[in-house]
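So this block is protein.cif, mmCIF, C-alpha atoms and all ligand atoms:
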data_work
loop_
_atom_site.group_PDB
_atom_site.id
_atom_site.type_symbol
_atom_site.label_atom_id
_atom_site.label_comp_id
_atom_site.auth_asym_id
_atom_site.auth_seq_id
_atom_site.Cartn_x
_atom_site.Cartn_y
_atom_site.Cartn_z
ATOM 1 C CA MET A 83 -118.949 91.893 115.793
ATOM 2 C CA ASP A 84 -115.658 89.969 115.882
ATOM 3 C CA MET A 85 -112.057 91.251 116.291
ATOM 4 C CA ILE A 86 -111.433 91.426 112.529
ATOM 5 C CA GLU A 87 -114.520 93.585 111.944
ATOM 6 C CA LEU A 88 -113.539 95.748 114.916
ATOM 7 C CA LEU A 89 -110.017 96.323 113.627
ATOM 8 C CA GLU A 90 -110.202 96.172 109.849
ATOM 9 C CA LYS A 91 -110.048 99.967 109.465
ATOM 10 C CA ARG A 92 -107.165 100.376 111.929
ATOM 11 C CA LEU A 93 -104.781 97.497 111.144
ATOM 12 C CA LEU A 94 -102.930 96.586 107.971
ATOM 13 C CA PRO A 95 -103.948 93.409 106.090
ATOM 14 C CA HIS A 96 -100.799 91.535 107.184
ATOM 15 C CA GLU A 97 -101.521 92.504 110.803
ATOM 16 C CA LEU A 98 -105.148 91.353 110.597
ATOM 17 C CA LYS A 99 -103.893 87.870 109.692
ATOM 18 C CA HIS A 100 -102.573 87.483 113.264
ATOM 19 C CA ILE A 101 -105.984 88.054 114.827
ATOM 20 C CA LYS A 102 -107.501 85.011 116.469
ATOM 21 C CA GLY A 103 -110.544 84.751 118.688
ATOM 22 C CA SER A 104 -112.952 87.520 119.475
ATOM 23 C CA PHE A 105 -113.548 89.985 122.278
ATOM 24 C CA ASP A 106 -116.070 90.018 125.112
ATOM 25 C CA ILE A 107 -117.754 92.975 126.747
ATOM 26 C CA ILE A 108 -118.942 92.169 130.270
ATOM 27 C CA GLY A 109 -120.660 95.251 131.687
ATOM 28 C CA ASP A 110 -118.022 97.987 131.461
ATOM 29 C CA VAL A 111 -115.073 95.565 131.168
ATOM 30 C CA ALA A 112 -113.725 94.351 127.821
ATOM 31 C CA VAL A 113 -111.579 91.223 127.403
ATOM 32 C CA VAL A 114 -109.476 90.837 124.253
ATOM 33 C CA GLU A 115 -106.885 88.435 122.934
ATOM 34 C CA ILE A 116 -103.944 90.328 121.410
ATOM 35 C CA PRO A 117 -101.306 88.070 119.849
ATOM 36 C CA ASP A 118 -97.651 88.942 120.564
ATOM 37 C CA GLU A 119 -97.186 90.041 116.920
ATOM 38 C CA LEU A 120 -99.703 92.863 117.538
ATOM 39 C CA SER A 121 -98.609 93.999 121.000
ATOM 40 C CA HIS A 122 -97.362 97.290 119.444
ATOM 41 C CA ARG A 123 -100.995 97.915 118.389
ATOM 42 C CA GLU A 124 -102.468 97.655 121.903
ATOM 43 C CA ARG A 125 -103.377 101.368 121.947
ATOM 44 C CA ASP A 126 -105.237 101.149 118.593
ATOM 45 C CA ILE A 127 -107.155 98.102 119.785
ATOM 46 C CA VAL A 128 -108.210 99.854 123.000
ATOM 47 C CA GLU A 129 -109.287 102.932 121.007
ATOM 48 C CA ALA A 130 -111.369 100.780 118.650
ATOM 49 C CA LEU A 131 -113.128 99.189 121.639
ATOM 50 C CA LEU A 132 -113.809 102.574 123.257
ATOM 51 C CA GLU A 133 -115.189 103.928 120.006
ATOM 52 C CA LEU A 134 -117.488 100.904 119.717
ATOM 53 C CA ASN A 135 -118.622 101.151 123.329
ATOM 54 C CA PRO A 136 -117.790 104.385 125.208
ATOM 55 C CA ARG A 137 -119.060 102.786 128.473
ATOM 56 C CA ILE A 138 -115.954 100.564 128.647
ATOM 57 C CA LYS A 139 -113.794 101.522 131.650
ATOM 58 C CA THR A 140 -111.344 98.603 131.758
ATOM 59 C CA VAL A 141 -109.682 96.469 129.084
ATOM 60 C CA TYR A 142 -107.858 93.223 129.862
ATOM 61 C CA ASN A 143 -105.733 91.207 127.467
ATOM 62 C CA LYS A 144 -105.968 87.437 128.003
ATOM 63 C CA GLY A 145 -102.728 86.226 129.584
ATOM 64 C CA SER A 146 -103.403 82.481 129.531
ATOM 65 C CA ALA A 147 -105.965 79.831 128.669
ATOM 66 C CA ARG A 148 -108.522 78.933 131.355
ATOM 67 C CA LYS A 149 -106.948 76.670 133.942
ATOM 68 C CA GLY A 150 -107.440 74.990 137.310
ATOM 69 C CA ALA A 151 -110.571 73.765 139.025
ATOM 70 C CA TYR A 152 -112.075 77.265 139.118
ATOM 71 C CA ARG A 153 -111.622 77.670 135.320
ATOM 72 C CA LEU A 154 -109.902 81.069 135.611
ATOM 73 C CA ARG A 155 -107.234 82.682 133.422
ATOM 74 C CA ASP A 156 -104.464 85.271 133.827
ATOM 75 C CA PHE A 157 -105.182 88.797 132.575
ATOM 76 C CA LYS A 158 -103.007 91.767 131.733
ATOM 77 C CA LEU A 159 -104.589 95.168 132.353
ATOM 78 C CA ILE A 160 -104.113 97.329 129.245
ATOM 79 C CA TYR A 161 -106.577 100.165 129.935
ATOM 80 C CA GLY A 162 -108.312 101.639 132.990
ATOM 81 C CA GLU A 163 -108.244 100.063 136.416
ATOM 82 C CA GLU A 164 -108.791 96.552 137.746
ATOM 83 C CA LYS A 165 -112.394 96.372 138.910
ATOM 84 C CA GLU A 166 -115.513 94.257 139.256
ATOM 85 C CA THR A 167 -118.334 94.739 136.778
ATOM 86 C CA GLU A 168 -122.060 94.193 136.326
ATOM 87 C CA HIS A 169 -123.370 92.367 133.258
ATOM 88 C CA LYS A 170 -127.016 92.564 132.185
ATOM 89 C CA GLU A 171 -128.639 89.553 130.516
ATOM 90 C CA HIS A 172 -132.304 88.870 129.668
ATOM 91 C CA GLY A 173 -133.707 90.814 132.617
ATOM 92 C CA PHE A 174 -131.201 89.907 135.333
ATOM 93 C CA ARG A 175 -127.857 91.285 136.545
ATOM 94 C CA VAL A 176 -124.622 89.381 137.181
ATOM 95 C CA ARG A 177 -121.988 91.123 139.319
ATOM 96 C CA LEU A 178 -118.516 89.604 139.155
ATOM 97 C CA ASP A 179 -114.797 90.139 138.815
ATOM 98 C CA VAL A 180 -113.546 88.405 135.659
ATOM 99 C CA ARG A 181 -110.186 87.770 137.374
ATOM 100 C CA LYS A 182 -111.799 85.775 140.184
ATOM 101 C CA VAL A 183 -114.857 84.093 138.665
ATOM 102 C CA TYR A 184 -115.575 82.213 135.421
ATOM 103 C CA PHE A 185 -118.143 83.997 133.273
ATOM 104 C CA SER A 186 -118.930 84.034 129.563
ATOM 105 C CA PRO A 187 -121.464 86.441 128.037
ATOM 106 C CA ARG A 188 -121.381 84.219 124.923
ATOM 107 C CA GLU A 189 -123.430 81.580 126.757
ATOM 108 C CA ALA A 190 -126.514 83.816 127.205
ATOM 109 C CA THR A 191 -128.443 82.077 124.397
ATOM 110 C CA GLU A 192 -127.660 78.657 125.836
ATOM 111 C CA ARG A 193 -128.799 79.757 129.295
ATOM 112 C CA GLN A 194 -132.101 80.879 127.766
ATOM 113 C CA ARG A 195 -132.448 77.556 125.916
ATOM 114 C CA ILE A 196 -132.213 75.729 129.254
ATOM 115 C CA ALA A 197 -134.304 78.224 131.257
ATOM 116 C CA LYS A 198 -137.189 78.022 128.760
ATOM 117 C CA GLN A 199 -137.468 74.258 129.317
ATOM 118 C CA VAL A 200 -138.060 74.628 133.072
ATOM 119 C CA LYS A 201 -141.688 74.111 134.101
ATOM 120 C CA ALA A 202 -143.654 75.535 137.033
ATOM 121 C CA ASN A 203 -142.986 73.778 140.368
ATOM 122 C CA GLU A 204 -139.767 72.134 139.230
ATOM 123 C CA ILE A 205 -136.884 71.671 141.636
ATOM 124 C CA VAL A 206 -133.623 72.325 139.786
ATOM 125 C CA MET A 207 -130.030 71.570 140.732
ATOM 126 C CA VAL A 208 -127.369 73.745 139.040
ATOM 127 C CA MET A 209 -123.984 72.113 139.648
ATOM 128 C CA PHE A 210 -120.816 74.222 139.024
ATOM 129 C CA ALA A 211 -122.927 77.372 139.390
ATOM 130 C CA GLY A 212 -120.227 80.105 139.217
ATOM 131 C CA ALA A 213 -121.613 83.581 139.913
ATOM 132 C CA GLY A 214 -125.103 82.173 139.299
ATOM 133 C CA PRO A 215 -126.030 82.998 135.680
ATOM 134 C CA TYR A 216 -127.855 79.688 134.977
ATOM 135 C CA ALA A 217 -129.757 79.828 138.276
ATOM 136 C CA LEU A 218 -130.701 83.473 137.644
ATOM 137 C CA ALA A 219 -131.768 82.803 134.048
ATOM 138 C CA ILE A 220 -134.022 79.985 135.293
ATOM 139 C CA ALA A 221 -135.555 81.978 138.168
ATOM 140 C CA LYS A 222 -136.172 84.965 135.871
ATOM 141 C CA THR A 223 -137.583 83.027 132.911
ATOM 142 C CA GLN A 224 -139.694 80.627 135.000
ATOM 143 C CA PRO A 225 -140.735 82.605 138.100
ATOM 144 C CA ARG A 226 -142.925 79.661 139.181
ATOM 145 C CA VAL A 227 -139.925 77.325 139.573
ATOM 146 C CA ARG A 228 -140.119 75.838 143.116
ATOM 147 C CA LYS A 229 -136.394 75.971 144.038
ATOM 148 C CA VAL A 230 -133.015 76.204 142.324
ATOM 149 C CA TYR A 231 -130.099 74.752 144.322
ATOM 150 C CA ALA A 232 -126.834 76.188 142.960
ATOM 151 C CA VAL A 233 -123.558 74.556 144.075
ATOM 152 C CA GLU A 234 -120.170 76.260 143.662
ATOM 153 C CA MET A 235 -116.797 75.641 145.323
ATOM 154 C CA ASN A 236 -114.861 78.795 144.351
ATOM 155 C CA PRO A 237 -115.411 81.062 147.407
ATOM 156 C CA ASP A 238 -115.254 84.232 145.252
ATOM 157 C CA ALA A 239 -117.813 82.866 142.796
ATOM 158 C CA TYR A 240 -120.050 81.769 145.695
ATOM 159 C CA LYS A 241 -119.803 85.253 147.248
ATOM 160 C CA TYR A 242 -120.832 86.874 143.946
ATOM 161 C CA MET A 243 -123.634 84.341 143.455
ATOM 162 C CA ALA A 244 -125.060 85.189 146.909
ATOM 163 C CA GLU A 245 -124.831 88.903 146.034
ATOM 164 C CA ASN A 246 -126.443 88.331 142.621
ATOM 165 C CA VAL A 247 -129.325 86.418 144.206
ATOM 166 C CA ARG A 248 -129.837 89.395 146.529
ATOM 167 C CA ILE A 249 -129.636 92.159 143.882
ATOM 168 C CA ASN A 250 -132.004 90.218 141.599
ATOM 169 C CA LYS A 251 -134.446 89.608 144.485
ATOM 170 C CA ALA A 252 -134.350 85.871 143.810
ATOM 171 C CA GLY A 253 -133.749 84.783 147.420
ATOM 172 C CA ASN A 254 -137.079 82.939 147.657
ATOM 173 C CA LYS A 255 -136.143 80.767 144.634
ATOM 174 C CA ILE A 256 -132.352 80.299 144.498
ATOM 175 C CA VAL A 257 -130.397 78.600 147.293
ATOM 176 C CA PRO A 258 -126.628 79.154 146.818
ATOM 177 C CA VAL A 259 -124.643 76.223 148.234
ATOM 178 C CA MET A 260 -120.927 76.641 148.953
ATOM 179 C CA GLY A 261 -118.873 73.500 148.423
ATOM 180 C CA ASP A 262 -117.815 70.642 146.188
ATOM 181 C CA VAL A 263 -120.560 69.047 144.092
ATOM 182 C CA GLY A 264 -119.045 65.672 145.014
ATOM 183 C CA ALA A 265 -119.790 66.289 148.693
ATOM 184 C CA GLU A 266 -122.852 68.565 148.629
ATOM 185 C CA CYS A 267 -125.186 66.775 146.223
ATOM 186 C CA GLU A 268 -126.038 63.842 148.463
ATOM 187 C CA LYS A 269 -128.536 66.031 150.348
ATOM 188 C CA TYR A 270 -130.519 66.442 147.141
ATOM 189 C CA PHE A 271 -130.668 62.785 146.037
ATOM 190 C CA GLY A 272 -134.149 61.921 144.767
ATOM 191 C CA LYS A 273 -135.364 65.529 145.076
ATOM 192 C CA CYS A 274 -134.773 67.201 141.705
ATOM 193 C CA ASP A 275 -136.660 67.405 138.403
ATOM 194 C CA ARG A 276 -133.683 68.793 136.506
ATOM 195 C CA VAL A 277 -129.895 68.937 136.863
ATOM 196 C CA VAL A 278 -127.701 71.388 134.909
ATOM 197 C CA MET A 279 -123.987 70.477 134.625
ATOM 198 C CA PRO A 280 -122.117 73.451 133.039
ATOM 199 C CA LEU A 281 -118.548 72.145 133.464
ATOM 200 C CA PRO A 282 -117.437 70.740 130.090
ATOM 201 C CA LYS A 283 -114.023 69.954 131.576
ATOM 202 C CA GLY A 284 -114.990 67.252 134.042
ATOM 203 C CA ALA A 285 -118.799 67.097 134.369
ATOM 204 C CA TYR A 286 -118.573 63.476 133.206
ATOM 205 C CA GLU A 287 -117.209 62.435 136.626
ATOM 206 C CA TYR A 288 -120.411 63.662 138.265
ATOM 207 C CA LEU A 289 -122.966 62.115 135.894
ATOM 208 C CA LYS A 290 -123.895 59.368 138.372
ATOM 209 C CA LEU A 291 -124.477 61.957 141.101
ATOM 210 C CA ALA A 292 -126.687 63.945 138.727
ATOM 211 C CA ALA A 293 -128.736 60.820 137.981
ATOM 212 C CA LYS A 294 -129.115 60.213 141.731
ATOM 213 C CA CYS A 295 -130.358 63.791 142.256
ATOM 214 C CA LEU A 296 -133.368 63.132 140.003
ATOM 215 C CA LYS A 297 -136.710 62.114 141.505
ATOM 216 C CA ALA A 298 -137.659 58.415 141.243
ATOM 217 C CA LYS A 299 -140.189 59.322 138.515
ATOM 218 C CA GLY A 300 -137.333 60.767 136.403
ATOM 219 C CA GLY A 301 -136.316 64.172 135.075
ATOM 220 C CA THR A 302 -133.808 65.882 132.799
ATOM 221 C CA ILE A 303 -130.023 66.277 132.923
ATOM 222 C CA HIS A 304 -128.234 68.925 130.834
ATOM 223 C CA TYR A 305 -124.734 67.532 130.463
ATOM 224 C CA TYR A 306 -122.025 69.736 128.866
ATOM 225 C CA PHE A 307 -118.969 68.284 127.169
ATOM 226 C CA TRP A 308 -116.256 69.128 124.663
ATOM 227 C CA SER A 309 -115.808 67.065 121.540
ATOM 228 C CA SER A 310 -114.870 67.208 117.896
ATOM 229 C CA GLU A 311 -117.859 66.969 115.513
ATOM 230 C CA ASP A 312 -116.791 63.362 114.794
ATOM 231 C CA GLY A 313 -116.497 62.338 118.437
ATOM 232 C CA VAL A 314 -120.083 63.128 119.476
ATOM 233 C CA ASP A 315 -121.563 59.713 118.600
ATOM 234 C CA ASP A 316 -118.929 57.919 120.694
ATOM 235 C CA ILE A 317 -119.669 60.121 123.683
ATOM 236 C CA LYS A 318 -123.408 59.503 123.240
ATOM 237 C CA GLU A 319 -122.772 55.746 123.330
ATOM 238 C CA ILE A 320 -120.601 56.016 126.451
ATOM 239 C CA VAL A 321 -123.331 57.999 128.232
ATOM 240 C CA GLU A 322 -126.016 55.486 127.206
ATOM 241 C CA VAL A 323 -123.957 52.621 128.616
ATOM 242 C CA ASP A 324 -123.349 54.602 131.824
ATOM 243 C CA PHE A 325 -127.050 55.158 132.371
ATOM 244 C CA GLN A 326 -127.715 51.437 131.895
ATOM 245 C CA SER A 327 -125.169 50.779 134.641
ATOM 246 C CA PHE A 328 -126.925 53.384 136.856
ATOM 247 C CA ARG A 329 -130.192 51.442 136.159
ATOM 248 C CA LYS A 330 -131.805 54.561 134.699
ATOM 249 C CA LYS A 331 -133.729 54.325 131.459
ATOM 250 C CA ILE A 332 -133.100 57.118 128.953
ATOM 251 C CA LYS A 333 -136.413 58.242 127.378
ATOM 252 C CA SER A 334 -134.794 60.693 124.967
ATOM 253 C CA LEU A 335 -131.408 62.218 124.315
ATOM 254 C CA LYS A 336 -130.858 65.413 122.323
ATOM 255 C CA ILE A 337 -127.510 67.019 121.524
ATOM 256 C CA THR A 338 -127.114 70.776 120.897
ATOM 257 C CA LYS A 339 -123.984 72.484 119.619
ATOM 258 C CA VAL A 340 -123.314 75.361 122.026
ATOM 259 C CA SER A 341 -120.090 77.096 120.957
ATOM 260 C CA GLU A 342 -116.628 76.716 119.511
ATOM 261 C CA TYR A 343 -113.962 76.090 122.164
ATOM 262 C CA SER A 344 -111.062 75.900 119.699
ATOM 263 C CA PRO A 345 -110.971 75.415 115.917
ATOM 264 C CA LYS A 346 -111.497 71.639 116.227
ATOM 265 C CA VAL A 347 -113.147 71.320 119.626
ATOM 266 C CA LEU A 348 -116.745 72.359 120.189
ATOM 267 C CA LYS A 349 -118.871 72.612 123.297
ATOM 268 C CA PHE A 350 -122.060 70.538 123.224
ATOM 269 C CA CYS A 351 -124.975 70.031 125.589
ATOM 270 C CA MET A 352 -126.681 66.651 125.900
ATOM 271 C CA ASP A 353 -130.270 66.944 127.196
ATOM 272 C CA ILE A 354 -130.925 63.540 128.728
ATOM 273 C CA LYS A 355 -134.526 62.742 129.710
ATOM 274 C CA ILE A 356 -134.870 59.875 132.212
HETATM 275 C C1 LIG A 401 -117.187 76.495 133.502
HETATM 276 S S1 LIG A 401 -117.491 77.316 135.031
HETATM 277 C C2 LIG A 401 -119.240 77.652 134.869
HETATM 278 C C3 LIG A 401 -119.726 78.673 135.849
HETATM 279 C C4 LIG A 401 -121.193 79.115 135.627
HETATM 280 N N1 LIG A 401 -122.096 77.998 135.603
HETATM 281 C C5 LIG A 401 -121.317 79.908 134.361
HETATM 282 O O1 LIG A 401 -121.873 79.396 133.389
HETATM 283 O O2 LIG A 401 -120.860 81.066 134.330
HETATM 284 C C6 LIG A 401 -117.459 75.967 136.149
HETATM 285 C C7 LIG A 401 -117.576 76.359 137.623
HETATM 286 O O3 LIG A 401 -117.615 75.156 138.396
HETATM 287 C C8 LIG A 401 -116.866 75.321 139.573
HETATM 288 N N2 LIG A 401 -116.471 73.958 139.973
HETATM 289 C C9 LIG A 401 -115.577 73.124 139.364
HETATM 290 N N3 LIG A 401 -115.550 71.920 139.974
HETATM 291 C C10 LIG A 401 -116.463 71.980 140.988
HETATM 292 C C11 LIG A 401 -116.906 71.049 141.963
HETATM 293 N N4 LIG A 401 -116.401 69.816 142.022
HETATM 294 N N5 LIG A 401 -117.846 71.443 142.844
HETATM 295 C C12 LIG A 401 -118.373 72.719 142.795
HETATM 296 N N6 LIG A 401 -117.997 73.644 141.886
HETATM 297 C C13 LIG A 401 -117.066 73.287 140.987
HETATM 298 C C14 LIG A 401 -115.720 76.249 139.184
HETATM 299 O O4 LIG A 401 -115.221 76.930 140.298
HETATM 300 C C15 LIG A 401 -116.428 77.183 138.179
HETATM 301 O O5 LIG A 401 -116.933 78.320 138.819
#

Could you render the structure from this file as structure tokens?
Ligand SMILES: C[S@@+](CC[C@H](N)C(=O)[O-])C[C@H]1O[C@@H](n2cnc3c(N)ncnc32)[C@H](O)[C@@H]1O
Amino acid sequence: MDMIELLEKRLLPHELKHIKGSFDIIGDVAVVEIPDELSHRERDIVEALLELNPRIKTVYNKGSARKGAYRLRDFKLIYGEEKETEHKEHGFRVRLDVRKVYFSPREATERQRIAKQVKANEIVMVMFAGAGPYALAIAKTQPRVRKVYAVEMNPDAYKYMAENVRINKAGNKIVPVMGDVGAECEKYFGKCDRVVMPLPKGAYEYLKLAAKCLKAKGGTIHYYFWSSEDGVDDIKEIVEVDFQSFRKKIKSLKITKVSEYSPKVLKFCMDIKI
């Protein structure tokens, strides 16, 4: 359900025209985007959310776009109290505080798409791991994975990832690593079968490191990026040239549309097999 469907019985047609974006429910916390023109309707919007999902205890209105290296945003509390939450996804739990850690429930399908490709005995590197949802999806979907190394530099996200590994009893599979991918990955050069790079704003800088993490016999990199529909071919060409310069031969390259970032910018994933 999107915001328009949620509110069509409560708002007037001219008010509905101001709606943009959708809402997210993360455990018992809801996140909405209320444009200034509808700030007088805050109460109605909260009531509509509570009617849809009576479990909701907290509602935040987005106060800014995502920003900074940790990809966080400002929030304004409009109902309940500021709190952490616990999201359930395909058999695992993710505890987090949306104010301190990046998380998007909309990426559950994409996480499953990646997790289902992981084979028994693989060693996986998840760069930019956040509170651990990719690592958890992999460990849950492929319990015979050998190890998942998950690197994150936001101390709050790392703390939640360590807690999520514990509450999901995944400690024998997932190794949370606190620090900058640029500094931490060297230890894993030549050791991995797969590298996941879920940082569309900036993963490009780390593509060479990802290639170095793969075993000499090769492996797969899942590289996320933003682009317009028209720009995808150019980005594909740039990546192909990069891999030539890394002296790595691309066996296959598949691009999947993941989500809409803004009306003209989409998030894509490039699955690069070396
Ligand atoms: C877009 S979020 C994705 C988080 C998580 N993978 C998810 O899907 O929920 C990117 C994450 O990468 C982290 N990050 C950004 N640059 C980093 C770097 N150079 N080294 C380690 N972590 C980084 C941010 O703190 C943030 O938690």

Within-7 Å residues of ligand LIG 401 (chain A), basis only C-alpha atoms and all ligand atoms, as a list in words:
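What falls inside 7 Å of ligand LIG 401 (chain A) is Ala151, Tyr152, Arg153, Val183, Tyr184, Phe185, Ser186, Met209, Phe210, Ala211, Gly212, Ala213, Gly214, Pro215, Tyr216, Val233, Glu234, Met235, Asn236, Ala239, Gly261, Asp262, Val263, Gly264, Pro280, Leu281 and Pro282 of chain A.
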
Step by step, work through what the PyMOL selection byres (((chain A and resi 204) around 9) and not hetatm) selects in the shown file, and finish by giving those residues as JSON, numbers by chain.
{"A": [200, 201, 202, 203, 205, 206, 226, 227, 228, 229, 230, 274, 275, 276]}

7 Å contact set for segment 105-112 of chain A, only C-alpha atoms, chain neighbours under 6 positions out, as a PyMOL selection string
chain A and resi 84-85+137-142+167-170+187

Which is closest to Thr302 of chain A among A:Tyr270, A:Glu322, A:Lys241, A:Ile196, if we use all atoms listed in the file?
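Smallest distance to Thr302 of chain A is found for A:Ile196.
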
Best match for closeness to Glu166 of chain A among A:Ala232, A:Tyr242, A:Glu124, A:Glu133, counting only C-alpha atoms:
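Of A:Ala232, A:Tyr242, A:Glu124, A:Glu133, the one nearest Glu166 of chain A, counting only C-alpha atoms, is A:Tyr242.
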
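Here atom CA of Glu119 of chain A and atom CA of Lys99 of chain A stand 10.1 Å from one another.
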
Taking (-124.9, 60.3, 116.2) in the coordinates of the supplied file, I want to know which residues reach to within 12 Å of it, counting all atoms listed in the file; could you give the answer as a list in words?
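Protein and nucleic acid residues near the point are Glu311, Asp312, Gly313, Val314, Asp315, Asp316, Ile317, Lys318, Glu319, Ile320, Leu335, Lys336, Ile337, Thr338 and Met352 of chain A.
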
For a test of reading the model, state the distance in Å between atom CA of Asn135 of chain A and atom CA of Val113 of chain A, rounded to one decimal.
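The value is 12.8 Å.
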
Tell me which residues the PyMOL selection byres (((chain A and resi 118) around 12) and not hetatm) grabs here, as a list in words.
Glu97, His100, Ile101, Lys102, Glu115, Ile116, Pro117, Glu119, Leu120, Ser121, His122, Arg123, Glu124, Asn143, Lys144 and Gly145 of chain A

Output as a CSV table (one decimal), in the frame of the given file: segment 229-240 of chain A, completed with N, CA, C and O atoms.
chain,number,residue,atom,x,y,z
A,229,LYS,N,-137.7,75.6,143.4
A,229,LYS,CA,-136.4,76.0,144.0
A,229,LYS,C,-135.3,75.7,143.0
A,229,LYS,O,-135.4,74.7,142.2
A,230,VAL,N,-134.2,76.5,143.1
A,230,VAL,CA,-133.0,76.2,142.3
A,230,VAL,C,-131.9,76.1,143.3
A,230,VAL,O,-131.5,77.1,144.0
A,231,TYR,N,-131.3,74.9,143.5
A,231,TYR,CA,-130.1,74.8,144.3
A,231,TYR,C,-128.9,74.9,143.4
A,231,TYR,O,-128.8,74.3,142.4
A,232,ALA,N,-128.0,75.8,143.8
A,232,ALA,CA,-126.8,76.2,143.0
A,232,ALA,C,-125.5,76.0,143.7
A,232,ALA,O,-125.3,76.7,144.7
A,233,VAL,N,-124.7,75.0,143.3
A,233,VAL,CA,-123.6,74.6,144.1
A,233,VAL,C,-122.3,75.1,143.4
A,233,VAL,O,-122.1,74.9,142.2
A,234,GLU,N,-121.4,75.7,144.2
A,234,GLU,CA,-120.2,76.3,143.7
A,234,GLU,C,-119.1,76.2,144.7
A,234,GLU,O,-119.3,76.5,145.9
A,235,MET,N,-117.9,75.8,144.3
A,235,MET,CA,-116.8,75.6,145.3
A,235,MET,C,-115.8,76.8,145.3
A,235,MET,O,-114.9,76.8,146.2
A,236,ASN,N,-115.8,77.6,144.3
A,236,ASN,CA,-114.9,78.8,144.4
A,236,ASN,C,-115.5,79.8,145.3
A,236,ASN,O,-116.5,80.4,145.0
A,237,PRO,N,-114.8,80.1,146.4
A,237,PRO,CA,-115.4,81.1,147.4
A,237,PRO,C,-115.8,82.4,146.8
A,237,PRO,O,-116.8,83.0,147.2
A,238,ASP,N,-114.9,82.9,145.9
A,238,ASP,CA,-115.3,84.2,145.3
A,238,ASP,C,-116.5,84.1,144.4
A,238,ASP,O,-117.4,85.0,144.4
A,239,ALA,N,-116.6,83.0,143.6
A,239,ALA,CA,-117.8,82.9,142.8
A,239,ALA,C,-119.1,82.7,143.7
A,239,ALA,O,-120.1,83.3,143.4
A,240,TYR,N,-118.9,82.0,144.8
A,240,TYR,CA,-120.0,81.8,145.7
A,240,TYR,C,-120.5,83.1,146.3
A,240,TYR,O,-121.7,83.4,146.3
